[in-house]
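**Q** File data-v7.csv below, CSV, C-alpha atoms:
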chain,number,residue,atom,x,y,z
A,1,MET,CA,0.0,0.0,0.0
A,2,ARG,CA,2.9,2.4,0.8
A,3,LEU,CA,4.5,1.7,-2.5
A,4,ILE,CA,1.2,2.5,-4.3
A,5,PHE,CA,1.0,5.7,-2.4
A,6,CYS,CA,4.6,6.6,-3.3
A,7,LEU,CA,3.9,5.8,-7.0
A,8,MET,CA,0.9,8.0,-7.0
A,9,ILE,CA,2.9,10.9,-5.6
A,10,VAL,CA,5.6,10.4,-8.2
A,11,LEU,CA,3.0,10.4,-11.0
A,12,ILE,CA,1.4,13.6,-9.6
A,13,VAL,CA,4.8,15.3,-9.5
A,14,ALA,CA,5.6,14.1,-13.0
A,15,ILE,CA,2.3,15.5,-14.4
A,16,SER,CA,2.8,18.8,-12.7
A,17,ASN,CA,6.4,19.1,-13.9
A,18,LEU,CA,5.6,18.0,-17.5
A,19,ALA,CA,4.7,21.6,-18.6
A,20,GLU,CA,8.0,22.9,-17.3
A,21,ALA,CA,10.2,20.4,-19.2
A,22,GLN,CA,12.0,21.9,-22.2
A,23,ASP,CA,12.9,18.6,-23.8
A,24,THR,CA,11.2,15.3,-24.1
A,25,SER,CA,12.2,14.3,-20.5
A,26,ILE,CA,9.5,14.3,-17.9
A,27,PHE,CA,11.8,15.7,-15.2
A,28,PRO,CA,14.9,18.0,-15.3
A,29,LYS,CA,18.2,16.2,-15.3
A,30,GLY,CA,19.1,17.5,-11.8
A,31,GLY,CA,22.6,17.4,-10.5
A,32,LYS,CA,25.6,15.2,-11.3
A,33,ALA,CA,25.8,12.0,-9.3
A,34,PRO,CA,28.9,11.4,-7.1
A,35,ALA,CA,31.7,9.7,-9.0
A,36,ASP,CA,32.5,7.4,-6.1
A,37,ARG,CA,29.1,5.7,-6.5
A,38,PHE,CA,28.7,5.7,-10.3
A,39,THR,CA,30.8,5.1,-13.5
A,40,GLY,CA,30.2,7.6,-16.3
A,41,THR,CA,27.9,10.6,-16.3
A,42,VAL,CA,24.7,10.2,-14.3
A,43,TRP,CA,22.2,12.9,-13.3
A,44,ILE,CA,19.9,12.7,-10.3
A,45,TYR,CA,16.7,14.8,-9.7
A,46,PRO,CA,15.2,14.3,-6.2
A,47,LEU,CA,11.4,13.8,-6.2
A,48,ILE,CA,10.6,12.5,-2.7
A,49,GLN,CA,13.0,12.9,0.2
A,50,PRO,CA,12.9,11.8,3.9
A,51,GLN,CA,11.7,15.2,5.1
A,52,ASP,CA,8.5,14.7,3.1
A,53,SER,CA,7.2,12.3,5.8
A,54,LEU,CA,6.7,9.4,3.4
A,55,ASP,CA,8.1,5.9,3.9
A,56,CYS,CA,10.1,6.1,0.6
A,57,VAL,CA,12.7,8.1,-1.2
A,58,SER,CA,12.4,8.7,-4.9
A,59,SER,CA,14.5,10.3,-7.7
A,60,SER,CA,14.6,10.5,-11.4
A,61,VAL,CA,18.0,9.1,-12.5
A,62,THR,CA,19.4,9.7,-16.0
A,63,PHE,CA,22.4,7.6,-17.2
A,64,GLU,CA,24.3,8.7,-20.2
A,65,PRO,CA,25.3,5.8,-22.6
A,66,GLY,CA,27.7,3.4,-20.8
A,67,ALA,CA,27.0,4.9,-17.3
A,68,ARG,CA,26.1,2.7,-14.4
A,69,THR,CA,25.8,2.5,-10.6
A,70,ASN,CA,28.3,0.7,-8.4
A,71,TRP,CA,27.2,-2.5,-6.8
A,72,HIS,CA,24.9,-1.6,-4.0
A,73,MET,CA,21.9,-2.7,-1.9
A,74,HIS,CA,18.9,-1.2,-0.1
A,75,PRO,CA,17.9,-2.6,3.3
A,76,GLY,CA,14.2,-1.8,2.6
A,77,GLY,CA,14.3,-2.7,-1.2
A,78,GLN,CA,14.0,-0.6,-4.3
A,79,ALA,CA,11.7,-0.3,-7.4
A,80,LEU,CA,12.9,1.1,-10.7
A,81,LEU,CA,10.4,2.4,-13.2
A,82,VAL,CA,12.1,2.8,-16.6
A,83,ILE,CA,10.7,5.8,-18.4
A,84,GLU,CA,13.2,6.3,-21.2
A,85,GLY,CA,15.9,4.4,-23.1
A,86,LYS,CA,17.5,1.0,-22.6
A,87,GLY,CA,19.9,-0.4,-20.1
A,88,TYR,CA,20.9,-3.3,-17.8
A,89,TYR,CA,20.1,-4.6,-14.4
A,90,GLN,CA,21.9,-7.4,-12.5
A,91,GLU,CA,21.6,-9.0,-9.1
A,92,ARG,CA,24.7,-10.5,-7.6
A,93,GLY,CA,25.1,-14.1,-8.7
A,94,THR,CA,22.5,-13.8,-11.5
A,95,ARG,CA,22.8,-13.0,-15.2
A,96,MET,CA,22.5,-9.4,-16.3
A,97,ARG,CA,19.2,-8.6,-18.0
A,98,THR,CA,18.2,-5.8,-20.4
A,99,ILE,CA,15.7,-3.3,-19.2
A,100,GLN,CA,13.8,-0.7,-21.3
A,101,LYS,CA,11.1,1.9,-21.3
A,102,GLY,CA,8.0,0.6,-19.6
A,103,ASP,CA,9.8,-2.0,-17.4
A,104,VAL,CA,9.4,-2.2,-13.7
A,105,VAL,CA,12.2,-3.7,-11.8
A,106,LYS,CA,11.8,-4.9,-8.2
A,107,CYS,CA,15.0,-5.0,-6.2
A,108,PRO,CA,14.5,-7.2,-3.1
A,109,PRO,CA,15.6,-5.8,0.3
A,110,GLY,CA,19.3,-6.5,1.1
A,111,VAL,CA,20.1,-7.9,-2.4
A,112,GLU,CA,23.3,-6.5,-4.0
A,113,HIS,CA,22.7,-5.2,-7.6
A,114,TRP,CA,23.6,-2.6,-10.1
A,115,HIS,CA,21.8,-0.9,-13.0
A,116,GLY,CA,22.7,1.5,-15.8
A,117,ALA,CA,22.5,2.5,-19.5
A,118,SER,CA,23.5,0.3,-22.4
A,119,PRO,CA,26.7,1.3,-24.2
A,120,ASP,CA,24.8,3.2,-27.0
A,121,THR,CA,21.6,4.4,-25.4
A,122,LYS,CA,20.8,6.7,-22.5
A,123,LEU,CA,18.5,5.4,-19.7
A,124,THR,CA,16.2,7.2,-17.3
A,125,HIS,CA,14.4,5.6,-14.5
A,126,ILE,CA,12.4,6.6,-11.4
A,127,ALA,CA,14.2,5.0,-8.4
A,128,ILE,CA,12.0,4.4,-5.4
A,129,VAL,CA,13.7,3.2,-2.2
A,130,THR,CA,10.9,1.5,-0.2
A,131,ASN,CA,10.7,1.0,3.5
A,132,ALA,CA,13.2,3.9,3.9
A,133,GLU,CA,13.1,3.7,7.7
A,134,LYS,CA,15.2,0.5,7.4
A,135,GLY,CA,18.2,2.6,6.3
A,136,ASN,CA,20.1,4.2,3.4
A,137,SER,CA,21.6,2.6,0.4
A,138,VAL,CA,24.8,0.6,1.1
A,139,TRP,CA,27.3,1.4,-1.7
A,140,LEU,CA,29.9,-1.2,-2.7
A,141,GLN,CA,32.6,-1.6,-5.3
A,142,LYS,CA,32.5,-0.4,-8.9
A,143,VAL,CA,31.0,-2.6,-11.6
A,144,THR,CA,34.0,-3.8,-13.7
A,145,ASP,CA,34.0,-3.4,-17.5
A,146,LYS,CA,33.9,-7.2,-17.8
A,147,GLN,CA,30.8,-7.3,-15.5
A,148,TYR,CA,29.2,-4.5,-17.5
A,149,HIS,CA,29.7,-6.3,-20.8
A,150,GLY,CA,28.4,-9.6,-19.4
A,151,LEU,CA,31.8,-11.3,-19.6
A,152,GLU,CA,32.1,-12.1,-15.9
The structure given in the file should be rewritten as structure tokens.
**A**
Amino acid sequence: MRLIFCLMIVLIVAISNLAEAQDTSIFPKGGKAPADRFTGTVWIYPLIQPQDSLDCVSSSVTFEPGARTNWHMHPGGQALLVIEGKGYYQERGTRMRTIQKGDVVKCPPGVEHWHGASPDTKLTHIAIVTNAEKGNSVWLQKVTDKQYHGLE
């Protein structure tokens, strides 16, 4: 129920900001993501933050081609709503999979994973950290080029 409420808030924010967008993106790019947690150029635009008194944190995240997160996990889980482009998602110990516009990815609580754009296409997703009271993201090592290209 909380996730549905969070999704409704995100959609309301998206619709209200649609008129303000100057390109085809729903949200502004936001600020550059920290290089110690991402490879390549990544932009983050916060949508819902802890001070909003909701049990989730949400951002629009845009990955330039080839950009990706480090391995990381969320104690309370995460949902990714892909709104533009094509990219990859992988959980530790599983095969990497392709994600694209319209996909919903459910990242289970405590499971190490990474996600990012394909080598030739930008990717934008809405990231929703659920059960935020369980703690912040835990950032781990960088995804190697071999891992990113599915060779490891």
**Q** I need every residue sitting at most 12 Å from the point (27.1, 3.7, -16.8) (coordinates as in the file, all atoms listed in the file considered), written as a PDB file with C-alpha atoms, keeping the file's coordinate frame.
**A**
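This went into selection-v9.pdb:
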ATOM      1  CA  ALA A  33      25.800  12.000  -9.300  1.00  0.00           C
ATOM      2  CA  ALA A  35      31.700   9.700  -9.000  1.00  0.00           C
ATOM      3  CA  ARG A  37      29.100   5.700  -6.500  1.00  0.00           C
ATOM      4  CA  PHE A  38      28.700   5.700 -10.300  1.00  0.00           C
ATOM      5  CA  THR A  39      30.800   5.100 -13.500  1.00  0.00           C
ATOM      6  CA  GLY A  40      30.200   7.600 -16.300  1.00  0.00           C
ATOM      7  CA  THR A  41      27.900  10.600 -16.300  1.00  0.00           C
ATOM      8  CA  VAL A  42      24.700  10.200 -14.300  1.00  0.00           C
ATOM      9  CA  TRP A  43      22.200  12.900 -13.300  1.00  0.00           C
ATOM     10  CA  VAL A  61      18.000   9.100 -12.500  1.00  0.00           C
ATOM     11  CA  THR A  62      19.400   9.700 -16.000  1.00  0.00           C
ATOM     12  CA  PHE A  63      22.400   7.600 -17.200  1.00  0.00           C
ATOM     13  CA  GLU A  64      24.300   8.700 -20.200  1.00  0.00           C
ATOM     14  CA  PRO A  65      25.300   5.800 -22.600  1.00  0.00           C
ATOM     15  CA  GLY A  66      27.700   3.400 -20.800  1.00  0.00           C
ATOM     16  CA  ALA A  67      27.000   4.900 -17.300  1.00  0.00           C
ATOM     17  CA  ARG A  68      26.100   2.700 -14.400  1.00  0.00           C
ATOM     18  CA  THR A  69      25.800   2.500 -10.600  1.00  0.00           C
ATOM     19  CA  ASN A  70      28.300   0.700  -8.400  1.00  0.00           C
ATOM     20  CA  TRP A  71      27.200  -2.500  -6.800  1.00  0.00           C
ATOM     21  CA  LYS A  86      17.500   1.000 -22.600  1.00  0.00           C
ATOM     22  CA  GLY A  87      19.900  -0.400 -20.100  1.00  0.00           C
ATOM     23  CA  TYR A  88      20.900  -3.300 -17.800  1.00  0.00           C
ATOM     24  CA  TYR A  89      20.100  -4.600 -14.400  1.00  0.00           C
ATOM     25  CA  TRP A 114      23.600  -2.600 -10.100  1.00  0.00           C
ATOM     26  CA  HIS A 115      21.800  -0.900 -13.000  1.00  0.00           C
ATOM     27  CA  GLY A 116      22.700   1.500 -15.800  1.00  0.00           C
ATOM     28  CA  ALA A 117      22.500   2.500 -19.500  1.00  0.00           C
ATOM     29  CA  SER A 118      23.500   0.300 -22.400  1.00  0.00           C
ATOM     30  CA  PRO A 119      26.700   1.300 -24.200  1.00  0.00           C
ATOM     31  CA  ASP A 120      24.800   3.200 -27.000  1.00  0.00           C
ATOM     32  CA  THR A 121      21.600   4.400 -25.400  1.00  0.00           C
ATOM     33  CA  LYS A 122      20.800   6.700 -22.500  1.00  0.00           C
ATOM     34  CA  LEU A 123      18.500   5.400 -19.700  1.00  0.00           C
ATOM     35  CA  THR A 124      16.200   7.200 -17.300  1.00  0.00           C
ATOM     36  CA  LYS A 142      32.500  -0.400  -8.900  1.00  0.00           C
ATOM     37  CA  VAL A 143      31.000  -2.600 -11.600  1.00  0.00           C
ATOM     38  CA  THR A 144      34.000  -3.800 -13.700  1.00  0.00           C
ATOM     39  CA  ASP A 145      34.000  -3.400 -17.500  1.00  0.00           C
ATOM     40  CA  GLN A 147      30.800  -7.300 -15.500  1.00  0.00           C
ATOM     41  CA  TYR A 148      29.200  -4.500 -17.500  1.00  0.00           C
ATOM     42  CA  HIS A 149      29.700  -6.300 -20.800  1.00  0.00           C
TER      43      HIS A 149
END
**Q** I'd like the contact shell of A:Ser58 - 7 Å cut-off, all atoms listed in the file, skipping same-chain residues fewer than 3 positions apart - returned as a tab-separated table (two decimals) with C-alpha atoms, in the coordinates of the input.
**A**
chain	number	residue	atom	x	y	z
A	46	PRO	CA	15.20	14.30	-6.20
A	47	LEU	CA	11.40	13.80	-6.20
A	48	ILE	CA	10.60	12.50	-2.70
A	49	GLN	CA	13.00	12.90	0.20
A	126	ILE	CA	12.40	6.60	-11.40
A	127	ALA	CA	14.20	5.00	-8.40
A	128	ILE	CA	12.00	4.40	-5.40
A	129	VAL	CA	13.70	3.20	-2.20
**Q** Using all atoms listed in the file for the distances, tell me which of A:Asp36, A:Asp52, A:Glu152, A:Glu84 is nearest to A:Leu140.
**A**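 Smallest distance to A:Leu140 is found for A:Asp36.
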**Q** Measuring between all atoms listed in the file, which one of A:Ile26, A:Val57, A:Val82, A:Leu151 shows the shortest distance to A:Thr98?
**A**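 Under the stated criterion, the closest residue is A:Val82.
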**Q** Expressed in Å to a single decimal, how great is the separation between atom CA of A:Gly135 and atom CA of A:Ile99?
**A** 26.3 Å
**Q** If we count only C-alpha atoms, what is near A:Val105 at a cut-off of 7 Å, once residues fewer than 3 positions away on the same chain are taken out, given as an MDAnalysis selection string?
**A** chainID A and resid 79:81
**Q** What is the atom CA of A:Gln51-atom CA of A:Ser137 distance in Å, reported with one decimal?
**A**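 Answer for the atom CA of A:Gln51 to atom CA of A:Ser137 separation: 16.7 Å.
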**Q** Between atom CA of A:Lys134 and atom CA of A:Ser53, measure the distance and give it in Å to one decimal.
**A** 14.3 Å
**Q** Please identify all polymer residues lying at most 10 Å from the point (14.4, -0.5, 0.2) (file coordinates), using all atoms listed in the file, and present the result as a list in words.
**A** Asp55, Cys56, Val57, Met73, His74, Pro75, Gly76, Gly77, Gln78, Ala79, Lys106, Cys107, Pro108, Pro109, Gly110, Val111, Ile128, Val129, Thr130, Asn131, Ala132, Glu133, Lys134, Gly135, Asn136 and Ser137 of chain A
